[in-house]
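Printed here is input38.pdb (PDB, C-alpha atoms):
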ATOM      1  CA  MET A   6     -53.089  18.983  -3.080
ATOM      2  CA  THR A   7     -53.121  19.284   0.676
ATOM      3  CA  GLU A   8     -50.055  20.082   2.776
ATOM      4  CA  ARG A   9     -50.226  16.576   4.292
ATOM      5  CA  SER A  10     -50.250  14.788   0.954
ATOM      6  CA  THR A  11     -47.359  16.959  -0.318
ATOM      7  CA  ALA A  12     -45.299  16.139   2.765
ATOM      8  CA  THR A  13     -45.768  12.400   2.417
ATOM      9  CA  ARG A  14     -45.546  12.084  -1.378
ATOM     10  CA  ARG A  15     -42.523  10.126  -2.587
ATOM     11  CA  PRO A  16     -40.161  12.340  -4.672
ATOM     12  CA  THR A  17     -39.737  11.167  -8.257
ATOM     13  CA  ILE A  18     -36.675  10.473 -10.350
ATOM     14  CA  LYS A  19     -37.560  13.448 -12.558
ATOM     15  CA  GLU A  20     -37.517  15.758  -9.534
ATOM     16  CA  VAL A  21     -34.059  14.477  -8.635
ATOM     17  CA  ALA A  22     -32.921  15.077 -12.220
ATOM     18  CA  ARG A  23     -34.372  18.607 -12.259
ATOM     19  CA  LEU A  24     -32.678  19.555  -8.991
ATOM     20  CA  ALA A  25     -29.334  18.040 -10.100
ATOM     21  CA  GLY A  26     -29.519  19.655 -13.540
ATOM     22  CA  VAL A  27     -29.250  16.357 -15.437
ATOM     23  CA  SER A  28     -31.575  14.151 -17.465
ATOM     24  CA  HIS A  29     -33.729  11.531 -15.790
ATOM     25  CA  GLN A  30     -31.879   8.937 -17.901
ATOM     26  CA  THR A  31     -28.647   9.986 -16.167
ATOM     27  CA  VAL A  32     -30.280   9.539 -12.760
ATOM     28  CA  SER A  33     -31.511   6.082 -13.819
ATOM     29  CA  ARG A  34     -27.966   5.205 -14.813
ATOM     30  CA  TYR A  35     -26.703   6.563 -11.481
ATOM     31  CA  LEU A  36     -29.143   4.308  -9.609
ATOM     32  CA  ARG A  37     -27.865   1.259 -11.493
ATOM     33  CA  SER A  38     -24.154   2.052 -11.071
ATOM     34  CA  ARG A  39     -21.943   5.031 -10.241
ATOM     35  CA  ASN A  40     -19.307   3.781 -12.671
ATOM     36  CA  GLY A  41     -18.668   5.924 -15.734
ATOM     37  CA  LEU A  42     -20.276   9.121 -14.422
ATOM     38  CA  LYS A  43     -18.200  12.283 -14.000
ATOM     39  CA  PRO A  44     -17.328  13.272 -10.416
ATOM     40  CA  ASP A  45     -19.195  16.584 -10.785
ATOM     41  CA  THR A  46     -22.314  14.779 -12.015
ATOM     42  CA  LEU A  47     -22.122  12.283  -9.156
ATOM     43  CA  ALA A  48     -21.772  15.104  -6.631
ATOM     44  CA  ARG A  49     -24.816  16.972  -7.978
ATOM     45  CA  ILE A  50     -27.004  13.846  -8.012
ATOM     46  CA  ASP A  51     -25.780  12.840  -4.527
ATOM     47  CA  ALA A  52     -26.775  16.277  -3.257
ATOM     48  CA  ALA A  53     -30.203  16.129  -4.917
ATOM     49  CA  VAL A  54     -30.901  12.634  -3.593
ATOM     50  CA  SER A  55     -29.926  13.776  -0.102
ATOM     51  CA  GLU A  56     -31.960  16.993  -0.213
ATOM     52  CA  LEU A  57     -35.093  15.250  -1.474
ATOM     53  CA  ASN A  58     -34.526  12.167   0.686
ATOM     54  CA  TYR A  59     -35.094  10.153  -2.484
ATOM     55  CA  ARG A  60     -35.454   6.381  -2.200
ATOM     56  CA  PRO A  61     -36.017   4.179  -5.267
ATOM     57  CA  ASN A  62     -39.418   2.518  -5.412
ATOM     58  CA  LEU A  63     -38.164  -1.050  -5.719
ATOM     59  CA  VAL A  64     -41.616  -2.595  -5.991
ATOM     60  CA  ALA A  65     -42.629  -0.364  -8.887
ATOM     61  CA  ARG A  66     -39.294  -0.843 -10.588
ATOM     62  CA  SER A  67     -39.432  -4.625 -10.279
ATOM     63  CA  MET A  68     -42.946  -4.718 -11.739
ATOM     64  CA  ARG A  69     -41.822  -2.557 -14.635
ATOM     65  CA  THR A  70     -38.393  -4.076 -15.357
ATOM     66  CA  ARG A  71     -38.415  -7.376 -13.448
ATOM     67  CA  ARG A  72     -35.445  -5.966 -11.552
ATOM     68  CA  THR A  73     -35.359  -5.121  -7.856
ATOM     69  CA  GLY A  74     -31.801  -3.893  -7.412
ATOM     70  CA  ARG A  75     -31.473  -6.249  -4.434
ATOM     71  CA  LEU A  76     -29.199  -9.206  -3.790
ATOM     72  CA  ALA A  77     -29.063 -11.665  -0.893
ATOM     73  CA  ILE A  78     -26.041 -13.211   0.819
ATOM     74  CA  LEU A  79     -26.714 -16.532   2.519
ATOM     75  CA  LEU A  80     -24.361 -17.776   5.232
ATOM     76  CA  PRO A  81     -24.477 -20.466   7.899
ATOM     77  CA  THR A  82     -24.515 -19.767  11.624
ATOM     78  CA  VAL A  83     -21.326 -21.492  12.762
ATOM     79  CA  ALA A  84     -18.170 -20.603  14.674
ATOM     80  CA  PHE A  85     -16.979 -18.377  11.842
ATOM     81  CA  ASN A  86     -16.636 -14.608  11.641
ATOM     82  CA  PRO A  87     -17.588 -13.604   8.093
ATOM     83  CA  ALA A  88     -17.207  -9.842   8.660
ATOM     84  CA  ARG A  89     -14.275  -9.303   6.290
ATOM     85  CA  MET A  90     -15.785 -11.427   3.504
ATOM     86  CA  LEU A  91     -19.133  -9.677   3.882
ATOM     87  CA  HIS A  92     -17.428  -6.298   3.720
ATOM     88  CA  GLY A  93     -15.793  -7.174   0.404
ATOM     89  CA  ALA A  94     -18.983  -8.666  -1.000
ATOM     90  CA  THR A  95     -21.282  -5.803  -0.007
ATOM     91  CA  GLU A  96     -18.802  -3.192  -1.223
ATOM     92  CA  ALA A  97     -18.730  -4.864  -4.646
ATOM     93  CA  ALA A  98     -22.535  -5.064  -4.697
ATOM     94  CA  HIS A  99     -22.901  -1.359  -3.916
ATOM     95  CA  GLU A 100     -20.398  -0.487  -6.643
ATOM     96  CA  GLY A 101     -22.613  -2.498  -8.992
ATOM     97  CA  GLY A 102     -25.686  -0.504  -7.952
ATOM     98  CA  PHE A 103     -27.268  -3.189  -5.763
ATOM     99  CA  SER A 104     -28.442  -3.233  -2.164
ATOM    100  CA  VAL A 105     -27.738  -6.344  -0.098
ATOM    101  CA  GLU A 106     -29.672  -8.399   2.450
ATOM    102  CA  VAL A 107     -27.657 -10.827   4.604
ATOM    103  CA  VAL A 108     -29.503 -13.963   5.736
ATOM    104  CA  SER A 109     -27.965 -16.187   8.431
ATOM    105  CA  VAL A 110     -29.359 -19.733   8.528
ATOM    106  CA  ILE A 111     -29.135 -22.204  11.404
ATOM    107  CA  GLY A 112     -29.005 -25.803  10.234
ATOM    108  CA  ASP A 113     -27.389 -28.148   7.749
ATOM    109  CA  THR A 114     -27.005 -27.972   3.976
ATOM    110  CA  GLY A 115     -30.595 -29.070   3.381
ATOM    111  CA  THR A 116     -31.989 -26.375   5.675
ATOM    112  CA  ARG A 117     -29.795 -23.760   4.027
ATOM    113  CA  THR A 118     -30.911 -24.862   0.557
ATOM    114  CA  GLU A 119     -34.578 -24.766   1.565
ATOM    115  CA  ARG A 120     -34.180 -21.197   2.864
ATOM    116  CA  MET A 121     -32.400 -20.182  -0.341
ATOM    117  CA  LEU A 122     -35.302 -21.504  -2.440
ATOM    118  CA  GLU A 123     -37.772 -19.588  -0.262
ATOM    119  CA  ILE A 124     -35.867 -16.361  -0.851
ATOM    120  CA  ALA A 125     -35.581 -17.038  -4.579
ATOM    121  CA  GLY A 126     -39.312 -17.685  -4.764
ATOM    122  CA  THR A 127     -40.263 -14.255  -3.402
ATOM    123  CA  GLY A 128     -39.056 -12.433  -6.501
ATOM    124  CA  GLN A 129     -37.620  -9.713  -4.268
ATOM    125  CA  VAL A 130     -33.952 -10.350  -5.109
ATOM    126  CA  GLU A 131     -32.204 -10.602  -8.445
ATOM    127  CA  GLY A 132     -29.603 -13.053  -7.232
ATOM    128  CA  ILE A 133     -28.270 -14.918  -4.210
ATOM    129  CA  LEU A 134     -24.672 -15.463  -3.131
ATOM    130  CA  ALA A 135     -24.237 -18.525  -0.903
ATOM    131  CA  LEU A 136     -21.028 -18.519   1.152
ATOM    132  CA  ALA A 137     -21.395 -22.225   2.001
ATOM    133  CA  PRO A 138     -22.416 -25.273  -0.067
ATOM    134  CA  LEU A 139     -26.003 -26.034  -1.078
ATOM    135  CA  SER A 140     -27.621 -29.403  -1.741
ATOM    136  CA  PRO A 141     -26.697 -31.052  -5.070
ATOM    137  CA  GLY A 142     -29.284 -30.464  -7.766
ATOM    138  CA  PHE A 143     -30.711 -27.299  -6.171
ATOM    139  CA  GLU A 144     -30.690 -25.689  -9.643
ATOM    140  CA  ASP A 145     -33.573 -27.940 -10.718
ATOM    141  CA  HIS A 146     -35.872 -26.291  -8.161
ATOM    142  CA  LEU A 147     -35.038 -22.646  -8.855
ATOM    143  CA  PRO A 148     -37.675 -20.268 -10.205
ATOM    144  CA  HIS A 149     -37.111 -19.441 -13.865
ATOM    145  CA  GLY A 150     -34.439 -16.778 -14.317
ATOM    146  CA  GLU A 151     -33.159 -16.797 -10.726
ATOM    147  CA  THR A 152     -29.365 -16.553 -10.402
ATOM    148  CA  ILE A 153     -27.439 -18.313  -7.627
ATOM    149  CA  VAL A 154     -23.675 -18.307  -7.125
ATOM    150  CA  VAL A 155     -22.119 -20.644  -4.540
ATOM    151  CA  ALA A 156     -18.704 -19.481  -3.298
ATOM    152  CA  PRO A 157     -16.150 -22.297  -3.691
ATOM    153  CA  ASP A 158     -14.060 -21.346  -0.658
ATOM    154  CA  PHE A 159     -15.621 -23.305   2.240
ATOM    155  CA  ASP A 160     -16.992 -26.760   2.893
ATOM    156  CA  ASP A 161     -20.218 -27.426   4.802
ATOM    157  CA  GLU A 162     -18.492 -26.775   8.139
ATOM    158  CA  MET A 163     -16.999 -23.482   6.871
ATOM    159  CA  ARG A 164     -13.531 -25.020   6.636
ATOM    160  CA  GLY A 165     -11.375 -23.393   3.989
ATOM    161  CA  ILE A 166     -10.979 -25.223   0.667
ATOM    162  CA  GLY A 167      -9.922 -24.142  -2.816
ATOM    163  CA  GLU A 168      -7.631 -21.101  -2.746
ATOM    164  CA  LEU A 169      -7.842 -20.989   1.048
ATOM    165  CA  ALA A 170      -6.149 -24.390   1.178
ATOM    166  CA  ASP A 171      -3.248 -23.259  -1.023
ATOM    167  CA  ALA A 172      -0.088 -23.953   0.993
ATOM    168  CA  SER A 173       2.421 -22.266  -1.326
ATOM    169  CA  PRO A 174       3.040 -19.385   1.160
ATOM    170  CA  LEU A 175       4.344 -21.980   3.668
ATOM    171  CA  VAL A 176       6.903 -23.064   1.087
ATOM    172  CA  GLU A 177       7.867 -19.408   0.610
ATOM    173  CA  LEU A 178       8.287 -19.042   4.388
ATOM    174  CA  MET A 179      10.530 -22.092   4.627
ATOM    175  CA  GLU A 180      12.623 -21.084   1.633
ATOM    176  CA  GLY A 181      13.076 -17.619   3.136
ATOM    177  CA  LEU A 182      14.160 -19.142   6.438
ATOM    178  CA  VAL A 183      16.639 -21.371   4.613
ATOM    179  CA  GLU A 184      18.164 -18.211   3.122
ATOM    180  CA  PHE A 185      18.563 -17.029   6.742
ATOM    181  CA  GLY A 186      20.597 -20.179   7.375
ATOM    182  CA  HIS A 187      17.951 -22.351   9.032
ATOM    183  CA  ARG A 188      18.226 -26.102   8.520
ATOM    184  CA  ARG A 189      16.240 -27.647  11.388
ATOM    185  CA  PHE A 190      12.483 -27.017  11.405
ATOM    186  CA  LEU A 191       9.383 -27.870  13.431
ATOM    187  CA  HIS A 192       5.852 -27.694  12.071
ATOM    188  CA  VAL A 193       2.850 -27.517  14.418
ATOM    189  CA  ALA A 194      -0.136 -28.346  12.223
ATOM    190  CA  GLY A 195      -3.761 -27.329  12.560
ATOM    191  CA  ASN A 196      -6.761 -29.633  12.860
ATOM    192  CA  LEU A 197      -6.277 -32.158  10.061
ATOM    193  CA  GLN A 198     -10.019 -32.257   9.397
ATOM    194  CA  PHE A 199      -9.310 -28.976   7.561
ATOM    195  CA  ALA A 200      -8.015 -29.198   3.990
ATOM    196  CA  SER A 201      -5.816 -26.160   4.693
ATOM    197  CA  ALA A 202      -4.118 -27.909   7.650
ATOM    198  CA  ARG A 203      -3.513 -31.058   5.606
ATOM    199  CA  ALA A 204      -2.109 -29.053   2.695
ATOM    200  CA  ARG A 205       0.292 -27.083   4.924
ATOM    201  CA  LYS A 206       1.560 -30.231   6.625
ATOM    202  CA  ALA A 207       2.093 -31.916   3.246
ATOM    203  CA  ALA A 208       3.905 -28.820   1.905
ATOM    204  CA  TYR A 209       6.137 -28.781   4.991
ATOM    205  CA  LEU A 210       7.129 -32.435   4.589
ATOM    206  CA  GLU A 211       7.695 -32.040   0.848
ATOM    207  CA  THR A 212       9.907 -28.980   1.381
ATOM    208  CA  ILE A 213      11.921 -30.739   4.079
ATOM    209  CA  GLU A 214      12.647 -33.582   1.633
ATOM    210  CA  ARG A 215      13.190 -31.394  -1.445
ATOM    211  CA  LEU A 216      15.704 -29.094   0.239
ATOM    212  CA  GLY A 217      17.384 -31.780   2.321
ATOM    213  CA  LEU A 218      16.435 -30.139   5.625
ATOM    214  CA  GLU A 219      16.172 -31.662   9.104
ATOM    215  CA  SER A 220      12.747 -31.928  10.759
ATOM    216  CA  ALA A 221      12.207 -31.877  14.516
ATOM    217  CA  GLY A 222       8.691 -33.109  13.789
ATOM    218  CA  ALA A 223       5.346 -32.323  12.186
ATOM    219  CA  VAL A 224       3.074 -32.283  15.216
ATOM    220  CA  ASP A 225      -0.705 -32.558  14.732
ATOM    221  CA  GLY A 226      -2.470 -29.714  16.557
ATOM    222  CA  ASP A 227      -5.896 -28.143  16.766
ATOM    223  CA  TRP A 228      -5.348 -24.448  15.877
ATOM    224  CA  SER A 229      -4.994 -23.595  19.600
ATOM    225  CA  GLY A 230      -2.205 -21.792  21.420
ATOM    226  CA  LYS A 231      -1.945 -24.791  23.745
ATOM    227  CA  SER A 232      -1.062 -27.095  20.859
ATOM    228  CA  GLY A 233       1.787 -24.764  19.906
ATOM    229  CA  TYR A 234       2.951 -24.496  23.512
ATOM    230  CA  ASP A 235       2.807 -28.249  24.153
ATOM    231  CA  ALA A 236       4.607 -29.148  20.919
ATOM    232  CA  VAL A 237       7.575 -26.906  21.729
ATOM    233  CA  HIS A 238       7.584 -27.522  25.470
ATOM    234  CA  SER A 239       7.733 -31.311  25.041
ATOM    235  CA  LEU A 240      10.859 -31.369  22.853
ATOM    236  CA  PRO A 241      14.148 -32.358  24.496
ATOM    237  CA  ASP A 242      16.871 -29.688  24.382
ATOM    238  CA  GLU A 243      18.918 -31.572  21.798
ATOM    239  CA  ALA A 244      15.878 -31.796  19.453
ATOM    240  CA  LEU A 245      14.930 -28.107  19.446
ATOM    241  CA  PRO A 246      14.603 -26.540  15.967
ATOM    242  CA  THR A 247      15.982 -23.193  14.853
ATOM    243  CA  ALA A 248      12.652 -22.368  13.154
ATOM    244  CA  VAL A 249       9.023 -23.144  14.061
ATOM    245  CA  VAL A 250       6.452 -22.992  11.257
ATOM    246  CA  ALA A 251       3.050 -22.766  12.979
ATOM    247  CA  ALA A 252      -0.346 -23.499  11.411
ATOM    248  CA  ASN A 253      -1.761 -20.122  12.446
ATOM    249  CA  ASP A 254      -0.976 -17.074  14.577
ATOM    250  CA  VAL A 255      -2.553 -18.505  17.739
ATOM    251  CA  VAL A 256      -0.431 -21.661  17.492
ATOM    252  CA  ALA A 257       2.622 -19.459  16.868
ATOM    253  CA  ALA A 258       1.867 -17.430  20.017
ATOM    254  CA  GLY A 259       1.779 -20.635  22.064
ATOM    255  CA  ALA A 260       5.080 -21.746  20.547
ATOM    256  CA  ILE A 261       6.720 -18.396  21.379
ATOM    257  CA  ARG A 262       5.477 -18.629  24.977
ATOM    258  CA  ALA A 263       7.021 -22.096  25.330
ATOM    259  CA  LEU A 264      10.334 -20.932  23.869
ATOM    260  CA  ILE A 265      10.456 -17.984  26.287
ATOM    261  CA  ASP A 266       9.623 -20.286  29.204
ATOM    262  CA  ARG A 267      12.597 -22.403  28.166
ATOM    263  CA  GLY A 268      14.847 -19.346  28.255
ATOM    264  CA  LEU A 269      15.197 -19.024  24.489
ATOM    265  CA  ASP A 270      15.152 -15.778  22.517
ATOM    266  CA  VAL A 271      12.864 -15.206  19.520
ATOM    267  CA  PRO A 272      14.243 -14.677  16.904
ATOM    268  CA  GLY A 273      17.792 -14.666  18.304
ATOM    269  CA  GLN A 274      17.810 -18.423  18.867
ATOM    270  CA  VAL A 275      14.567 -19.656  17.264
ATOM    271  CA  SER A 276      12.511 -18.033  14.497
ATOM    272  CA  VAL A 277       8.707 -18.450  14.488
ATOM    273  CA  THR A 278       6.096 -17.919  11.759
ATOM    274  CA  GLY A 279       2.284 -17.912  11.870
ATOM    275  CA  TRP A 280      -0.634 -17.696   9.422
ATOM    276  CA  ASP A 281      -3.687 -15.378   9.057
ATOM    277  CA  ASN A 282      -1.892 -12.110   9.919
ATOM    278  CA  ASN A 283      -4.203 -11.364  12.830
ATOM    279  CA  GLU A 284      -4.136  -7.663  13.700
ATOM    280  CA  VAL A 285      -2.314  -8.418  16.951
ATOM    281  CA  CYS A 286       0.684  -9.844  15.009
ATOM    282  CA  GLN A 287       2.281  -6.472  14.433
ATOM    283  CA  TYR A 288       2.045  -5.547  18.131
ATOM    284  CA  LEU A 289       3.524  -8.730  19.631
ATOM    285  CA  PRO A 290       7.040  -8.643  21.088
ATOM    286  CA  PRO A 291       8.487  -9.620  18.630
ATOM    287  CA  ALA A 292       6.110  -8.739  15.783
ATOM    288  CA  LEU A 293       5.087 -11.997  14.136
ATOM    289  CA  THR A 294       5.943 -13.030  10.582
ATOM    290  CA  SER A 295       2.687 -14.335   9.131
ATOM    291  CA  VAL A 296       0.605 -14.935   5.999
ATOM    292  CA  GLU A 297      -1.986 -12.312   5.112
ATOM    293  CA  VAL A 298      -5.265 -13.786   3.810
ATOM    294  CA  ASP A 299      -7.287 -11.221   1.869
ATOM    295  CA  LEU A 300     -10.789 -12.268   2.943
ATOM    296  CA  GLU A 301     -12.242  -9.003   1.636
ATOM    297  CA  SER A 302     -11.106  -9.963  -1.870
ATOM    298  CA  LEU A 303     -12.549 -13.437  -1.371
ATOM    299  CA  GLY A 304     -15.994 -11.931  -0.713
ATOM    300  CA  ARG A 305     -15.570  -9.385  -3.477
ATOM    301  CA  ASN A 306     -14.652 -12.007  -6.072
ATOM    302  CA  ALA A 307     -17.685 -14.110  -5.170
ATOM    303  CA  MET A 308     -19.994 -11.098  -5.488
ATOM    304  CA  LEU A 309     -18.403 -10.084  -8.806
ATOM    305  CA  SER A 310     -19.258 -13.549 -10.142
ATOM    306  CA  LEU A 311     -22.897 -13.053  -9.120
ATOM    307  CA  ILE A 312     -23.114  -9.577 -10.642
ATOM    308  CA  LYS A 313     -21.594 -10.792 -13.911
ATOM    309  CA  SER A 314     -24.053 -13.697 -14.029
ATOM    310  CA  ILE A 315     -26.959 -11.283 -13.584
ATOM    311  CA  SER A 316     -25.912  -8.340 -15.736
ATOM    312  CA  GLY A 317     -22.943  -9.438 -17.811
ATOM    313  CA  ARG A 318     -20.956  -6.520 -16.371
ATOM    314  CA  ASP A 319     -17.339  -6.888 -15.304
ATOM    315  CA  LEU A 320     -16.413  -4.784 -12.283
ATOM    316  CA  GLU A 321     -12.766  -4.314 -11.386
ATOM    317  CA  PRO A 322     -11.368  -7.306  -9.471
ATOM    318  CA  PRO A 323      -9.098  -6.772  -6.464
ATOM    319  CA  PRO A 324      -5.379  -6.539  -7.227
ATOM    320  CA  GLY A 325      -2.750  -8.946  -5.999
ATOM    321  CA  PRO A 326      -2.763 -12.525  -4.668
ATOM    322  CA  LEU A 327      -5.250 -13.850  -2.138
ATOM    323  CA  GLN A 328      -2.436 -14.812   0.256
ATOM    324  CA  ARG A 329       0.970 -13.202   0.817
ATOM    325  CA  VAL A 330       3.827 -13.547   3.296
ATOM    326  CA  VAL A 331       4.432 -10.615   5.672
ATOM    327  CA  TRP A 332       7.960 -10.757   7.121
ATOM    328  CA  ARG A 333       8.429  -9.270  10.589
ATOM    329  CA  GLU A 334      10.704  -9.407  13.625
ATOM    330  CA  SER A 335       9.980 -12.996  14.751
ATOM    331  CA  THR A 336      12.207 -14.355  11.983
ATOM    332  CA  GLY A 337      15.919 -13.790  11.531
ATOM    333  CA  PRO A 338      19.274 -15.468  10.920
ATOM    334  CA  ALA A 339      19.763 -18.956  12.332
ATOM    335  CA  HIS A 340      21.570 -19.134  15.685
ATOM    336  CA  ARG A 341      24.974 -20.728  15.299
TER     337      ARG A 341
END

How would this structure read if it were set down as structure tokens?
Amino acid sequence: MTERSTATRRPTIKEVARLAGVSHQTVSRYLRSRNGLKPDTLARIDAAVSELNYRPNLVARSMRTRRTGRLAILLPTVAFNPARMLHGATEAAHEGGFSVEVVSVIGDTGTRTERMLEIAGTGQVEGILALAPLSPGFEDHLPHGETIVVAPDFDDEMRGIGELADASPLVELMEGLVEFGHRRFLHVAGNLQFASARARKAAYLETIERLGLESAGAVDGDWSGKSGYDAVHSLPDEALPTAVVAANDVVAAGAIRALIDRGLDVPGQVSVTGWDNNEVCQYLPPALTSVEVDLESLGRNAMLSLIKSISGRDLEPPPGPLQRVVWRESTGPAHR
């Protein structure tokens, strides 16, 4: 064998096993999933893979086993930042021994479905995770054996539905504020085309009635800081609430600005809450009470469903609830 052919020859799984001091069956298991292998074994195989610059021959493996070790994530190109969901999904895929290809599709549901069927027809992926809806009946056109999981968390415009529209944390916020002595509330809603905005407004009104509270209004907004500012700024002095429950953190920031412009202290005179727990919340003066939405777990759970559909394996789900209240300085006792 010439020096050139030796330099370009792909290292084999048996060479990795020999260098790591394990069987080739152990390396095969390692390539499928790192779960269940001893830390020392993982370290030795990691080192051998790195030293040999080993890369699995996916084409050969797929011809032999009908498996490629690859998954695809399909998402629409809209005004939506999927980074945290993708992080959770790809992390789960890698734990399951899969590589991931992310495909962003411009167009409506039909265009997205057509692209999904094209990907499925190549035979290069074992499964596809769609983060937005596909056309009804798409299953009838899938190649035999192809696995598709559609995440149930967004509608066709990437507006949160399902668990993302659960408004129970807003009830928890209001009940906590009542314990602080608050009785007069204002809610600045989000865009009511969103199921989440409608659910939060409905939960606000129901809680007002159930607890016998006073409402300064449930103002329809559009998720913007301006809607929060305008809602608070327009209230007459005698109608001001002691607590503002905003649809999201941006709306809450607008409400705080309006309160400050009116010479009011937050939370000394008016408490304010947001939603989404944007990173900036903890650095605002005052730090904003908000609702943390675990988008990483949302992506992870969707990917775990795909992996289970393909392999039957259960990987560990993320702990804790999808949404939780984070209490900070913007809320306190009611001003008397």

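For region 200-204 of chain A, the list of residues within 6 Å, based on all atoms listed in the file and with local chain neighbours fewer than 3 positions off taken out, reads A:Ile166, A:Ala170, A:Ala172, A:Gly195, A:Leu197, A:Ala207.
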
If we count all atoms listed in the file, what is near region 44-60 of chain A at a cut-off of 9 Å, once residues fewer than 5 positions away on the same chain are taken out, given as a short mmCIF file (atom, residue, chain, number, x, y, z; two decimals) with C-alpha atoms, keeping the file's coordinate frame?
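The result, stored in around-v6.cif:
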data_model
loop_
_atom_site.label_atom_id
_atom_site.label_comp_id
_atom_site.auth_asym_id
_atom_site.auth_seq_id
_atom_site.Cartn_x
_atom_site.Cartn_y
_atom_site.Cartn_z
CA ARG A 15 -42.52 10.13 -2.59
CA PRO A 16 -40.16 12.34 -4.67
CA THR A 17 -39.74 11.17 -8.26
CA ILE A 18 -36.67 10.47 -10.35
CA GLU A 20 -37.52 15.76 -9.53
CA VAL A 21 -34.06 14.48 -8.64
CA ALA A 22 -32.92 15.08 -12.22
CA ARG A 23 -34.37 18.61 -12.26
CA LEU A 24 -32.68 19.56 -8.99
CA ALA A 25 -29.33 18.04 -10.10
CA GLY A 26 -29.52 19.66 -13.54
CA VAL A 27 -29.25 16.36 -15.44
CA THR A 31 -28.65 9.99 -16.17
CA VAL A 32 -30.28 9.54 -12.76
CA TYR A 35 -26.70 6.56 -11.48
CA ARG A 39 -21.94 5.03 -10.24
#

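Coordinates place CA of Ala137 (chain A) at a distance of 16.5 Å from CA of Ala125 (chain A).
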
Exercise for the section: Skip Gly226 (chain A) itself and residues of its chain fewer than 4 positions away, then list as number ranges by chain all residues within 6 Å of it, counting all atoms listed in the file. Expected result: A: 194-196, 232

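Against this structure, the PyMOL selection byres ((chain A and resi 235) around 12) ends up with Val193, Val224, Asp225, Gly226, Asp227, Ser229, Gly230, Lys231, Ser232, Gly233, Tyr234, Ala236, Val237, His238, Ser239, Leu240, Val256, Ala257, Ala258, Gly259, Ala260, Ile261, Arg262, Ala263, Leu264 and Asp266 of chain A.
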
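When all atoms listed in the file are used to compute distances to Leu178 (chain A), the closest of the residues A:Val330, A:Leu134, A:Ile315, A:Leu216 turns out to be A:Val330.
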
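For the residues A:Ala251, A:Leu300, A:Leu122, A:Ile265, ranking by smallest atom-to-atom distance to Met90 (chain A) using all atoms listed in the file places A:Leu300 first.
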
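The space between CA of His146 (chain A) and CA of Gly126 (chain A) spans 9.9 Å.
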
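We find CA of Gly279 (chain A) and CA of Arg267 (chain A) to be spaced 19.8 Å apart.
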
Handout entry: Selection result of the PyMOL selection byres ((chain A and resi 213) around 12) on this file, as an MDAnalysis selection string
Key = chainID A and resid 175:176 179:180 183 187:192 206:212 214:223 250

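Close contacts of Val130 (chain A), defined as residues with an atom at most 10 Å away when counting only C-alpha atoms, with chain neighbours fewer than 3 positions off set aside, comprise Ser67, Arg71, Arg72, Thr73, Gly74, Arg75, Leu76, Ala77, Phe103, Ser104, Val105, Glu106, Ile124, Ala125, Gly126, Thr127, Ile133, Glu151 and Thr152 of chain A.
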
Problem - Sel. within 10 Å of pt (-23.2, -24.0, 2.8), counting all atoms listed in the file, output as an MDAnalysis selection string - result: chainID A and resid 79:82 110 112:118 135:140 155:157 159:163
